[in-house]
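Next up, start20.pdb (PDB, C-alpha atoms):
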```
ATOM      1  CA  GLY A 537      86.008 154.581 202.114  1.00  0.00           C
ATOM      2  CA  ALA A 538      86.574 157.670 200.032  1.00  0.00           C
ATOM      3  CA  VAL A 539      83.746 159.086 197.948  1.00  0.00           C
ATOM      4  CA  VAL A 540      83.868 159.938 194.256  1.00  0.00           C
ATOM      5  CA  SER A 541      80.892 161.752 192.816  1.00  0.00           C
ATOM      6  CA  GLN A 542      79.962 161.963 189.142  1.00  0.00           C
ATOM      7  CA  HIS A 543      77.537 164.429 187.661  1.00  0.00           C
ATOM      8  CA  PRO A 544      75.218 164.052 185.922  1.00  0.00           C
ATOM      9  CA  SER A 545      74.069 160.472 186.437  1.00  0.00           C
ATOM     10  CA  TRP A 546      71.979 160.553 183.277  1.00  0.00           C
ATOM     11  CA  VAL A 547      72.175 162.831 180.275  1.00  0.00           C
ATOM     12  CA  ILE A 548      70.441 162.859 176.911  1.00  0.00           C
ATOM     13  CA  CYS A 549      71.765 165.168 174.239  1.00  0.00           C
ATOM     14  CA  LYS A 550      71.193 165.892 170.586  1.00  0.00           C
ATOM     15  CA  SER A 551      73.636 164.680 168.002  1.00  0.00           C
ATOM     16  CA  GLY A 552      76.262 167.303 167.316  1.00  0.00           C
ATOM     17  CA  THR A 553      76.190 168.930 170.722  1.00  0.00           C
ATOM     18  CA  SER A 554      78.787 168.633 173.480  1.00  0.00           C
ATOM     19  CA  VAL A 555      78.328 167.164 176.923  1.00  0.00           C
ATOM     20  CA  LYS A 556      80.452 167.685 180.019  1.00  0.00           C
ATOM     21  CA  ILE A 557      80.722 165.073 182.772  1.00  0.00           C
ATOM     22  CA  GLU A 558      82.225 165.982 186.128  1.00  0.00           C
ATOM     23  CA  CYS A 559      84.117 163.704 188.480  1.00  0.00           C
ATOM     24  CA  ARG A 560      84.795 164.958 191.996  1.00  0.00           C
ATOM     25  CA  SER A 561      86.667 163.438 194.897  1.00  0.00           C
ATOM     26  CA  LEU A 562      84.653 164.607 197.885  1.00  0.00           C
ATOM     27  CA  ASP A 563      86.840 163.820 200.871  1.00  0.00           C
ATOM     28  CA  PHE A 564      90.325 163.379 199.482  1.00  0.00           C
ATOM     29  CA  GLN A 565      92.657 164.898 196.960  1.00  0.00           C
ATOM     30  CA  ALA A 566      93.135 162.938 193.778  1.00  0.00           C
ATOM     31  CA  THR A 567      96.266 163.635 191.808  1.00  0.00           C
ATOM     32  CA  THR A 568      95.243 160.965 189.323  1.00  0.00           C
ATOM     33  CA  MET A 569      91.816 160.166 187.913  1.00  0.00           C
ATOM     34  CA  PHE A 570      90.827 157.603 185.332  1.00  0.00           C
ATOM     35  CA  TRP A 571      88.032 157.720 182.795  1.00  0.00           C
ATOM     36  CA  TYR A 572      86.433 154.496 181.619  1.00  0.00           C
ATOM     37  CA  ARG A 573      83.792 153.626 179.078  1.00  0.00           C
ATOM     38  CA  GLN A 574      81.550 150.633 179.474  1.00  0.00           C
ATOM     39  CA  PHE A 575      79.378 149.141 176.761  1.00  0.00           C
ATOM     40  CA  PRO A 576      76.373 147.008 177.747  1.00  0.00           C
ATOM     41  CA  LYS A 577      77.342 143.648 179.192  1.00  0.00           C
ATOM     42  CA  GLN A 578      81.016 144.407 178.715  1.00  0.00           C
ATOM     43  CA  SER A 579      83.960 145.341 180.826  1.00  0.00           C
ATOM     44  CA  LEU A 580      85.329 148.764 181.581  1.00  0.00           C
ATOM     45  CA  MET A 581      87.672 150.087 178.937  1.00  0.00           C
ATOM     46  CA  LEU A 582      90.186 152.662 180.078  1.00  0.00           C
ATOM     47  CA  MET A 583      89.951 155.781 177.949  1.00  0.00           C
ATOM     48  CA  ALA A 584      92.466 158.057 179.577  1.00  0.00           C
ATOM     49  CA  THR A 585      94.431 158.878 182.685  1.00  0.00           C
ATOM     50  CA  SER A 586      93.988 162.373 183.988  1.00  0.00           C
ATOM     51  CA  ASN A 587      96.769 164.003 185.999  1.00  0.00           C
ATOM     52  CA  GLU A 588      96.203 167.213 187.903  1.00  0.00           C
ATOM     53  CA  GLY A 589      97.851 170.150 186.238  1.00  0.00           C
ATOM     54  CA  SER A 590      99.030 168.314 183.159  1.00  0.00           C
ATOM     55  CA  LYS A 591      97.696 166.848 179.959  1.00  0.00           C
ATOM     56  CA  ALA A 592      95.768 163.619 180.060  1.00  0.00           C
ATOM     57  CA  THR A 593      97.244 160.414 178.726  1.00  0.00           C
ATOM     58  CA  TYR A 594      94.919 158.747 176.257  1.00  0.00           C
ATOM     59  CA  GLU A 595      94.740 155.068 175.470  1.00  0.00           C
ATOM     60  CA  GLN A 596      95.329 153.896 171.958  1.00  0.00           C
ATOM     61  CA  GLY A 597      92.304 154.390 169.745  1.00  0.00           C
ATOM     62  CA  VAL A 598      90.704 157.094 171.901  1.00  0.00           C
ATOM     63  CA  GLU A 599      90.256 160.399 170.077  1.00  0.00           C
ATOM     64  CA  LYS A 600      91.686 163.107 172.303  1.00  0.00           C
ATOM     65  CA  ASP A 601      89.967 165.859 170.325  1.00  0.00           C
ATOM     66  CA  LYS A 602      86.619 164.212 170.821  1.00  0.00           C
ATOM     67  CA  PHE A 603      86.990 163.302 174.485  1.00  0.00           C
ATOM     68  CA  LEU A 604      88.452 166.371 176.149  1.00  0.00           C
ATOM     69  CA  ILE A 605      89.744 165.859 179.662  1.00  0.00           C
ATOM     70  CA  ASN A 606      90.599 168.597 182.093  1.00  0.00           C
ATOM     71  CA  HIS A 607      91.973 168.011 185.591  1.00  0.00           C
ATOM     72  CA  ALA A 608      92.292 171.559 186.825  1.00  0.00           C
ATOM     73  CA  SER A 609      92.213 170.878 190.556  1.00  0.00           C
ATOM     74  CA  LEU A 610      93.007 168.069 192.977  1.00  0.00           C
ATOM     75  CA  THR A 611      89.318 167.303 193.416  1.00  0.00           C
ATOM     76  CA  LEU A 612      87.829 167.747 189.964  1.00  0.00           C
ATOM     77  CA  SER A 613      88.294 166.183 186.552  1.00  0.00           C
ATOM     78  CA  THR A 614      85.940 166.753 183.634  1.00  0.00           C
ATOM     79  CA  LEU A 615      85.288 164.747 180.490  1.00  0.00           C
ATOM     80  CA  THR A 616      83.716 166.624 177.610  1.00  0.00           C
ATOM     81  CA  VAL A 617      82.296 164.605 174.731  1.00  0.00           C
ATOM     82  CA  THR A 618      82.451 167.006 171.805  1.00  0.00           C
ATOM     83  CA  SER A 619      80.142 166.846 168.794  1.00  0.00           C
ATOM     84  CA  ALA A 620      78.476 163.776 170.231  1.00  0.00           C
ATOM     85  CA  HIS A 621      77.024 161.134 167.954  1.00  0.00           C
ATOM     86  CA  PRO A 622      74.765 158.162 168.704  1.00  0.00           C
ATOM     87  CA  GLU A 623      77.752 155.815 168.732  1.00  0.00           C
ATOM     88  CA  ASP A 624      79.108 157.787 171.713  1.00  0.00           C
ATOM     89  CA  SER A 625      76.153 156.627 173.775  1.00  0.00           C
ATOM     90  CA  SER A 626      77.579 154.638 176.621  1.00  0.00           C
ATOM     91  CA  PHE A 627      78.147 154.425 180.357  1.00  0.00           C
ATOM     92  CA  TYR A 628      81.106 156.537 181.437  1.00  0.00           C
ATOM     93  CA  ILE A 629      82.754 155.906 184.807  1.00  0.00           C
ATOM     94  CA  CYS A 630      85.514 157.809 186.525  1.00  0.00           C
ATOM     95  CA  SER A 631      87.760 156.661 189.306  1.00  0.00           C
ATOM     96  CA  ALA A 632      90.179 158.504 191.526  1.00  0.00           C
ATOM     97  CA  ARG A 633      93.169 157.476 193.549  1.00  0.00           C
ATOM     98  CA  VAL A 634      95.531 159.245 195.904  1.00  0.00           C
ATOM     99  CA  THR A 635      99.130 158.555 195.042  1.00  0.00           C
ATOM    100  CA  GLY A 636     101.889 158.279 197.540  1.00  0.00           C
ATOM    101  CA  VAL A 637      99.785 156.852 200.337  1.00  0.00           C
ATOM    102  CA  ALA A 638     100.407 153.734 202.317  1.00  0.00           C
ATOM    103  CA  GLU A 639      99.931 150.446 200.521  1.00  0.00           C
ATOM    104  CA  GLY A 640      96.819 149.655 202.483  1.00  0.00           C
ATOM    105  CA  ARG A 641      94.978 152.554 200.897  1.00  0.00           C
ATOM    106  CA  ARG A 642      96.260 152.115 197.384  1.00  0.00           C
ATOM    107  CA  GLU A 643      92.973 151.501 195.676  1.00  0.00           C
ATOM    108  CA  ALA A 644      90.835 153.244 193.109  1.00  0.00           C
ATOM    109  CA  PHE A 645      87.485 154.690 194.170  1.00  0.00           C
ATOM    110  CA  PHE A 646      84.770 154.805 191.544  1.00  0.00           C
ATOM    111  CA  GLY A 647      82.034 157.246 190.760  1.00  0.00           C
ATOM    112  CA  GLN A 648      78.504 156.020 190.190  1.00  0.00           C
ATOM    113  CA  GLY A 649      78.791 156.475 186.450  1.00  0.00           C
ATOM    114  CA  THR A 650      77.079 158.640 183.838  1.00  0.00           C
ATOM    115  CA  ARG A 651      74.667 157.195 181.314  1.00  0.00           C
ATOM    116  CA  LEU A 652      74.995 159.210 178.093  1.00  0.00           C
ATOM    117  CA  THR A 653      72.389 158.836 175.360  1.00  0.00           C
ATOM    118  CA  VAL A 654      72.875 160.751 172.124  1.00  0.00           C
ATOM    119  CA  VAL A 655      69.750 161.073 169.996  1.00  0.00           C
TER     120      VAL A 655
ATOM    121  CA  ALA B1409     101.205 144.284 179.761  1.00  0.00           C
ATOM    122  CA  GLN B1410      98.862 142.792 182.302  1.00  0.00           C
ATOM    123  CA  SER B1411      95.584 141.099 181.430  1.00  0.00           C
ATOM    124  CA  VAL B1412      92.692 139.467 183.236  1.00  0.00           C
ATOM    125  CA  THR B1413      90.532 136.569 182.150  1.00  0.00           C
ATOM    126  CA  GLN B1414      87.160 135.795 183.621  1.00  0.00           C
ATOM    127  CA  PRO B1415      86.191 132.615 181.805  1.00  0.00           C
ATOM    128  CA  ASP B1416      82.551 132.561 182.889  1.00  0.00           C
ATOM    129  CA  ILE B1417      80.221 135.109 181.309  1.00  0.00           C
ATOM    130  CA  HIS B1418      77.243 133.962 183.377  1.00  0.00           C
ATOM    131  CA  ILE B1419      76.958 131.975 186.585  1.00  0.00           C
ATOM    132  CA  THR B1420      73.625 130.797 187.940  1.00  0.00           C
ATOM    133  CA  VAL B1421      73.265 129.588 191.509  1.00  0.00           C
ATOM    134  CA  SER B1422      70.431 128.931 193.911  1.00  0.00           C
ATOM    135  CA  GLU B1423      70.025 131.125 196.945  1.00  0.00           C
ATOM    136  CA  GLY B1424      71.936 129.614 199.832  1.00  0.00           C
ATOM    137  CA  ALA B1425      74.336 127.721 197.614  1.00  0.00           C
ATOM    138  CA  SER B1426      78.057 128.341 197.557  1.00  0.00           C
ATOM    139  CA  LEU B1427      79.698 130.444 194.872  1.00  0.00           C
ATOM    140  CA  GLU B1428      83.053 130.599 193.158  1.00  0.00           C
ATOM    141  CA  LEU B1429      83.871 133.081 190.408  1.00  0.00           C
ATOM    142  CA  ARG B1430      87.047 132.445 188.509  1.00  0.00           C
ATOM    143  CA  CYS B1431      89.741 134.962 187.642  1.00  0.00           C
ATOM    144  CA  ASN B1432      93.101 134.388 186.002  1.00  0.00           C
ATOM    145  CA  TYR B1433      95.636 137.103 185.439  1.00  0.00           C
ATOM    146  CA  SER B1434      98.748 137.583 183.388  1.00  0.00           C
ATOM    147  CA  TYR B1435     101.536 139.705 184.782  1.00  0.00           C
ATOM    148  CA  GLY B1436     105.267 139.269 185.136  1.00  0.00           C
ATOM    149  CA  ALA B1437     105.614 140.324 188.762  1.00  0.00           C
ATOM    150  CA  THR B1438     103.473 140.275 191.875  1.00  0.00           C
ATOM    151  CA  PRO B1439     100.264 142.007 190.955  1.00  0.00           C
ATOM    152  CA  TYR B1440      97.744 143.981 192.913  1.00  0.00           C
ATOM    153  CA  LEU B1441      94.438 142.140 192.573  1.00  0.00           C
ATOM    154  CA  PHE B1442      90.899 143.339 193.116  1.00  0.00           C
ATOM    155  CA  TRP B1443      87.306 142.203 192.914  1.00  0.00           C
ATOM    156  CA  TYR B1444      84.568 144.734 192.263  1.00  0.00           C
ATOM    157  CA  VAL B1445      80.798 144.382 192.133  1.00  0.00           C
ATOM    158  CA  GLN B1446      78.514 146.448 189.926  1.00  0.00           C
ATOM    159  CA  SER B1447      74.749 146.626 190.249  1.00  0.00           C
ATOM    160  CA  PRO B1448      72.744 147.613 187.142  1.00  0.00           C
ATOM    161  CA  GLY B1449      73.334 151.238 186.162  1.00  0.00           C
ATOM    162  CA  GLN B1450      75.703 151.791 189.056  1.00  0.00           C
ATOM    163  CA  GLY B1451      79.393 152.354 189.556  1.00  0.00           C
ATOM    164  CA  LEU B1452      81.781 149.814 190.995  1.00  0.00           C
ATOM    165  CA  GLN B1453      82.106 148.853 194.626  1.00  0.00           C
ATOM    166  CA  LEU B1454      85.295 147.269 195.887  1.00  0.00           C
ATOM    167  CA  LEU B1455      84.702 143.867 197.491  1.00  0.00           C
ATOM    168  CA  LEU B1456      88.276 143.038 198.421  1.00  0.00           C
ATOM    169  CA  LYS B1457      91.875 143.518 197.391  1.00  0.00           C
ATOM    170  CA  TYR B1458      95.215 141.748 197.568  1.00  0.00           C
ATOM    171  CA  PHE B1459      98.496 143.615 197.743  1.00  0.00           C
ATOM    172  CA  SER B1460     100.753 141.277 199.688  1.00  0.00           C
ATOM    173  CA  GLY B1461     100.837 139.009 202.724  1.00  0.00           C
ATOM    174  CA  ASP B1462      98.160 136.466 203.494  1.00  0.00           C
ATOM    175  CA  THR B1463      96.946 134.929 200.255  1.00  0.00           C
ATOM    176  CA  LEU B1464      93.411 134.436 201.574  1.00  0.00           C
ATOM    177  CA  VAL B1465      91.702 137.796 201.602  1.00  0.00           C
ATOM    178  CA  GLN B1466      88.468 138.602 203.381  1.00  0.00           C
ATOM    179  CA  GLY B1467      86.160 141.221 201.937  1.00  0.00           C
ATOM    180  CA  ILE B1468      82.817 142.810 202.524  1.00  0.00           C
ATOM    181  CA  LYS B1469      79.431 141.088 202.279  1.00  0.00           C
ATOM    182  CA  GLY B1470      80.903 137.721 203.250  1.00  0.00           C
ATOM    183  CA  PHE B1471      83.148 137.381 200.198  1.00  0.00           C
ATOM    184  CA  GLU B1472      86.689 136.049 200.205  1.00  0.00           C
ATOM    185  CA  ALA B1473      89.307 135.416 197.546  1.00  0.00           C
ATOM    186  CA  GLU B1474      92.488 133.399 197.415  1.00  0.00           C
ATOM    187  CA  PHE B1475      95.616 134.411 195.541  1.00  0.00           C
ATOM    188  CA  LYS B1476      97.371 131.404 194.029  1.00  0.00           C
ATOM    189  CA  ARG B1477     100.590 132.443 192.372  1.00  0.00           C
ATOM    190  CA  SER B1478     101.254 129.016 190.879  1.00  0.00           C
ATOM    191  CA  GLN B1479      97.935 129.119 189.060  1.00  0.00           C
ATOM    192  CA  SER B1480      97.893 132.880 188.397  1.00  0.00           C
ATOM    193  CA  SER B1481      94.436 132.910 189.873  1.00  0.00           C
ATOM    194  CA  PHE B1482      92.412 135.039 192.259  1.00  0.00           C
ATOM    195  CA  ASN B1483      89.044 133.313 192.562  1.00  0.00           C
ATOM    196  CA  LEU B1484      86.200 134.880 194.484  1.00  0.00           C
ATOM    197  CA  ARG B1485      84.131 132.745 196.848  1.00  0.00           C
ATOM    198  CA  LYS B1486      81.124 133.006 199.087  1.00  0.00           C
ATOM    199  CA  PRO B1487      79.774 130.103 201.174  1.00  0.00           C
ATOM    200  CA  SER B1488      76.095 131.055 200.932  1.00  0.00           C
ATOM    201  CA  VAL B1489      74.721 133.333 198.250  1.00  0.00           C
ATOM    202  CA  HIS B1490      71.868 135.783 198.911  1.00  0.00           C
ATOM    203  CA  TRP B1491      69.462 137.044 196.268  1.00  0.00           C
ATOM    204  CA  SER B1492      70.908 140.535 196.717  1.00  0.00           C
ATOM    205  CA  ASP B1493      74.269 139.261 195.463  1.00  0.00           C
ATOM    206  CA  ALA B1494      72.931 139.148 191.905  1.00  0.00           C
ATOM    207  CA  ALA B1495      75.113 141.612 190.006  1.00  0.00           C
ATOM    208  CA  GLU B1496      78.081 141.899 187.682  1.00  0.00           C
ATOM    209  CA  TYR B1497      81.454 141.008 189.166  1.00  0.00           C
ATOM    210  CA  PHE B1498      84.747 142.284 187.829  1.00  0.00           C
ATOM    211  CA  CYS B1499      88.213 141.053 188.596  1.00  0.00           C
ATOM    212  CA  ALA B1500      91.010 143.571 188.091  1.00  0.00           C
ATOM    213  CA  VAL B1501      94.782 143.534 188.176  1.00  0.00           C
ATOM    214  CA  GLY B1502      96.959 146.537 188.828  1.00  0.00           C
ATOM    215  CA  ALA B1503     100.577 146.547 187.801  1.00  0.00           C
ATOM    216  CA  ALA B1504     102.622 148.499 190.289  1.00  0.00           C
ATOM    217  CA  SER B1505     105.020 151.069 188.901  1.00  0.00           C
ATOM    218  CA  GLY B1506     106.731 153.638 191.048  1.00  0.00           C
ATOM    219  CA  GLY B1507     103.930 153.670 193.581  1.00  0.00           C
ATOM    220  CA  SER B1508     101.144 154.035 191.046  1.00  0.00           C
ATOM    221  CA  TYR B1509      99.142 151.628 188.925  1.00  0.00           C
ATOM    222  CA  ILE B1510      96.320 151.489 186.451  1.00  0.00           C
ATOM    223  CA  PRO B1511      93.817 148.683 186.958  1.00  0.00           C
ATOM    224  CA  THR B1512      92.967 146.418 184.052  1.00  0.00           C
ATOM    225  CA  PHE B1513      89.555 144.787 184.240  1.00  0.00           C
ATOM    226  CA  GLY B1514      88.286 141.416 183.139  1.00  0.00           C
ATOM    227  CA  ARG B1515      85.152 141.218 181.024  1.00  0.00           C
ATOM    228  CA  GLY B1516      82.995 140.515 184.049  1.00  0.00           C
ATOM    229  CA  THR B1517      80.844 137.631 185.243  1.00  0.00           C
ATOM    230  CA  SER B1518      77.132 138.071 185.606  1.00  0.00           C
ATOM    231  CA  LEU B1519      75.763 136.337 188.694  1.00  0.00           C
ATOM    232  CA  ILE B1520      72.159 135.160 188.584  1.00  0.00           C
ATOM    233  CA  VAL B1521      70.577 133.951 191.798  1.00  0.00           C
ATOM    234  CA  HIS B1522      67.527 131.689 191.731  1.00  0.00           C
ATOM    235  CA  PRO B1523      65.189 131.674 194.747  1.00  0.00           C
TER     236      PRO B1523
END
```

Would it be possible to restate this file's structure as structure tokens?
Amino acid sequence: GAVVSQHPSWVICKSGTSVKIECRSLDFQATTMFWYRQFPKQSLMLMATSNEGSKATYEQGVEKDKFLINHASLTLSTLTVTSAHPEDSSFYICSARVTGVAEGRREAFFGQGTRLTVV
Amino acid sequence: AQSVTQPDIHITVSEGASLELRCNYSYGATPYLFWYVQSPGQGLQLLLKYFSGDTLVQGIKGFEAEFKRSQSSFNLRKPSVHWSDAAEYFCAVGAASGGSYIPTFGRGTSLIVHP
């Protein structure tokens, strides 16, 4: 299957600073990427849908000014957590999917996730 | 809007025993259905998927799932569980729209395997 790589896997930052998380599709072009947040022992909550070359679509309740998403190329989307606070500590996962392909390949490939701890 | 219910938060089985994880979905049309597995601190790995056709789907690691439209269910099964199967399992439904979809996940079921 296709490979999606997230970097970094772990990050600890001070409260008030910003952190950037990268999501790369390594062997395919992803016109659409998704960013999820997962709290301990809970499901994945979709934060936003990132479309290459256009603005991201945020889910209700997600602060777009706090979680900045940039999808500047077909293989890279970034999530920047601005002015991070302890309550932003979480596991962030991206996924990528190629649109317009045959039905048999219409699935989302996930990165390994990024554990963010804000202290 | 689509939704997914995984009624069991935890399931405990003995190694070698059979397994069934339940998943019910809500969607007005034929959905795309998925099962993912997540090991601690890791991303998600796709076990199997249903788009159309045969309602019994075979996946990796010996897992299978059956789509039952009448029951709006997509339960995951495995005839003999191994200790390495202990993980979090997520059912997801994707509503198709113009060739694209966004998966909605259930809350997950934690599988505990006793030796």

Worksheet item: Applied to the shown file, which residues does the ChimeraX specification (/A :<9) & /B return, written as a list in words?
Response: Phe1442, Gly1449, Gln1450, Gly1451, Leu1452, Gln1453, Leu1454, Lys1457, Phe1459, Glu1496, Phe1498, Gly1507, Ser1508, Tyr1509, Ile1510, Pro1511, Thr1512, Phe1513, Gly1514, Arg1515, Gly1516 and Ser1518 of chain B

Expand the PyMOL selection byres ((chain B and resi 1489) around 6) into the individual residues it matches in the shown file, reporting them as a PDB file with C-alpha atoms, keeping the file's coordinate frame.
```pdb
ATOM      1  CA  GLU B1423      70.025 131.125 196.945  1.00  0.00           C
ATOM      2  CA  GLY B1424      71.936 129.614 199.832  1.00  0.00           C
ATOM      3  CA  ALA B1425      74.336 127.721 197.614  1.00  0.00           C
ATOM      4  CA  SER B1488      76.095 131.055 200.932  1.00  0.00           C
ATOM      5  CA  HIS B1490      71.868 135.783 198.911  1.00  0.00           C
TER       6      HIS B1490
END
```

Item to complete: Between atom CA of Gly552 of chain A and atom CA of Ala620 of chain A, measure the distance and give it in Å to one decimal.
Response: 5.1 Å

Practice prompt. Taking the file as shown, find all residues satisfying the PyMOL selection byres ((chain A and resi 617-619) around 8) and write them as a list in words.
Written response: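 Applying the expression gives Ser551, Gly552, Thr553, Ser554, Val555, Lys556, Asp601, Lys602, Phe603, Leu604, Leu615, Thr616, Ala620 and His621 of chain A.
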
Discussion item. To one decimal place in Å, what is the distance between atom CA of Phe575 of chain A and atom CA of Thr1420 of chain B?
Written reply: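 A separation of 22.2 Å between them.
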
Worksheet item: Mind listing as a PyMOL selection string all residues within 9 Å of (95.3, 142.4, 194.5), counting only C-alpha atoms?
Response: chain B and resi 1438-1443+1456-1460+1475+1482+1500-1502

Worksheet item: With all atoms listed in the file as the atoms that count, which of B:Ile1468, B:Asp1462, B:Val1421, B:Arg1477 lies nearest to Ala1494 of chain B?
Response: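 Of B:Ile1468, B:Asp1462, B:Val1421, B:Arg1477, the one nearest Ala1494 of chain B is B:Val1421, counting all atoms listed in the file.
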
Worksheet item: Using all atoms listed in the file, which of the listed residues (B:Thr1413, B:Asn1483, B:Gln1446, B:Ser1492) sits closest to Gln574 of chain A?
Response: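 Between B:Thr1413, B:Asn1483, B:Gln1446, B:Ser1492, the residue approaching Gln574 of chain A most closely is B:Gln1446.
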
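For the pair atom CA of Arg573 of chain A and atom CA of Ser626 of chain A, the separation is 6.8 Å.
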
Worksheet item: Hey, which of B:Ser1434, B:Glu1474, B:Pro1448, B:Ser1426 ends up closest to Gly1461 of chain B? Count only C-alpha atoms.
Response: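 Answer, going by the shortest atom-to-atom distance: B:Glu1474.
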
Can you tell me, as JSON, the centre and edge lengths (Å, one decimal) of the axis-aligned box enclosing all of segment 559-566 of chain A's listed atoms after padding each side by 3 Å?
```
{"center_x": 88.6, "center_y": 163.9, "center_z": 194.7, "size_x": 15.0, "size_y": 8.0, "size_z": 18.4}
```

Could you list, as a PDB file with C-alpha atoms, in the coordinates of the input, every residue within 10 Å of Leu1455 of chain B, counting all atoms listed in the file and ignoring same-chain residues fewer than 3 positions away?
```
ATOM      1  CA  PHE B1442      90.899 143.339 193.116  1.00  0.00           C
ATOM      2  CA  TRP B1443      87.306 142.203 192.914  1.00  0.00           C
ATOM      3  CA  TYR B1444      84.568 144.734 192.263  1.00  0.00           C
ATOM      4  CA  VAL B1445      80.798 144.382 192.133  1.00  0.00           C
ATOM      5  CA  LEU B1452      81.781 149.814 190.995  1.00  0.00           C
ATOM      6  CA  GLN B1466      88.468 138.602 203.381  1.00  0.00           C
ATOM      7  CA  GLY B1467      86.160 141.221 201.937  1.00  0.00           C
ATOM      8  CA  ILE B1468      82.817 142.810 202.524  1.00  0.00           C
ATOM      9  CA  LYS B1469      79.431 141.088 202.279  1.00  0.00           C
ATOM     10  CA  GLY B1470      80.903 137.721 203.250  1.00  0.00           C
ATOM     11  CA  PHE B1471      83.148 137.381 200.198  1.00  0.00           C
ATOM     12  CA  GLU B1472      86.689 136.049 200.205  1.00  0.00           C
ATOM     13  CA  ALA B1473      89.307 135.416 197.546  1.00  0.00           C
ATOM     14  CA  LEU B1484      86.200 134.880 194.484  1.00  0.00           C
ATOM     15  CA  TYR B1497      81.454 141.008 189.166  1.00  0.00           C
ATOM     16  CA  PHE B1498      84.747 142.284 187.829  1.00  0.00           C
ATOM     17  CA  CYS B1499      88.213 141.053 188.596  1.00  0.00           C
TER      18      CYS B1499
END
```

Discussion item. So that I can check the surroundings of Leu610 of chain A, please list as an MDAnalysis selection string every protein, DNA and RNA residue that reaches within 12 Å of it, counting all atoms listed in the file and ignoring chain neighbours fewer than 4 positions away.
Written reply: chainID A and resid 559:569 586:590 606 614 632:635

Please supply segment 1434-1438 of chain B, rebuilt with all heavy atoms, as a tab-separated table (two decimals), in the frame of the given file.
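Once written, out_29.tsv looks like this:
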```
chain	number	residue	atom	x	y	z
B	1434	SER	N	97.45	137.72	184.03
B	1434	SER	CA	98.75	137.58	183.39
B	1434	SER	C	99.55	138.82	183.72
B	1434	SER	O	99.14	139.95	183.39
B	1434	SER	CB	98.60	137.44	181.87
B	1434	SER	OG	99.87	137.45	181.24
B	1435	TYR	N	100.66	138.59	184.42
B	1435	TYR	CA	101.54	139.71	184.78
B	1435	TYR	C	102.86	139.13	185.22
B	1435	TYR	O	102.91	138.09	185.86
B	1435	TYR	CB	100.91	140.55	185.89
B	1435	TYR	CG	101.74	141.74	186.29
B	1435	TYR	CD1	102.08	142.71	185.34
B	1435	TYR	CD2	102.22	141.89	187.58
B	1435	TYR	CE1	102.87	143.79	185.69
B	1435	TYR	CE2	103.00	142.98	187.94
B	1435	TYR	CZ	103.31	143.93	186.99
B	1435	TYR	OH	104.08	145.00	187.33
B	1436	GLY	N	103.94	139.82	184.89
B	1436	GLY	CA	105.27	139.27	185.14
B	1436	GLY	C	105.73	139.31	186.57
B	1436	GLY	O	106.59	138.55	186.98
B	1437	ALA	N	105.18	140.19	187.37
B	1437	ALA	CA	105.61	140.32	188.76
B	1437	ALA	C	104.41	140.11	189.68
B	1437	ALA	O	103.35	139.69	189.23
B	1437	ALA	CB	106.23	141.69	188.98
B	1438	THR	N	104.59	140.40	190.94
B	1438	THR	CA	103.47	140.28	191.88
B	1438	THR	C	102.46	141.37	191.60
B	1438	THR	O	102.80	142.55	191.66
B	1438	THR	CB	103.97	140.37	193.32
B	1438	THR	OG1	104.91	139.32	193.56
B	1438	THR	CG2	102.79	140.23	194.28
```
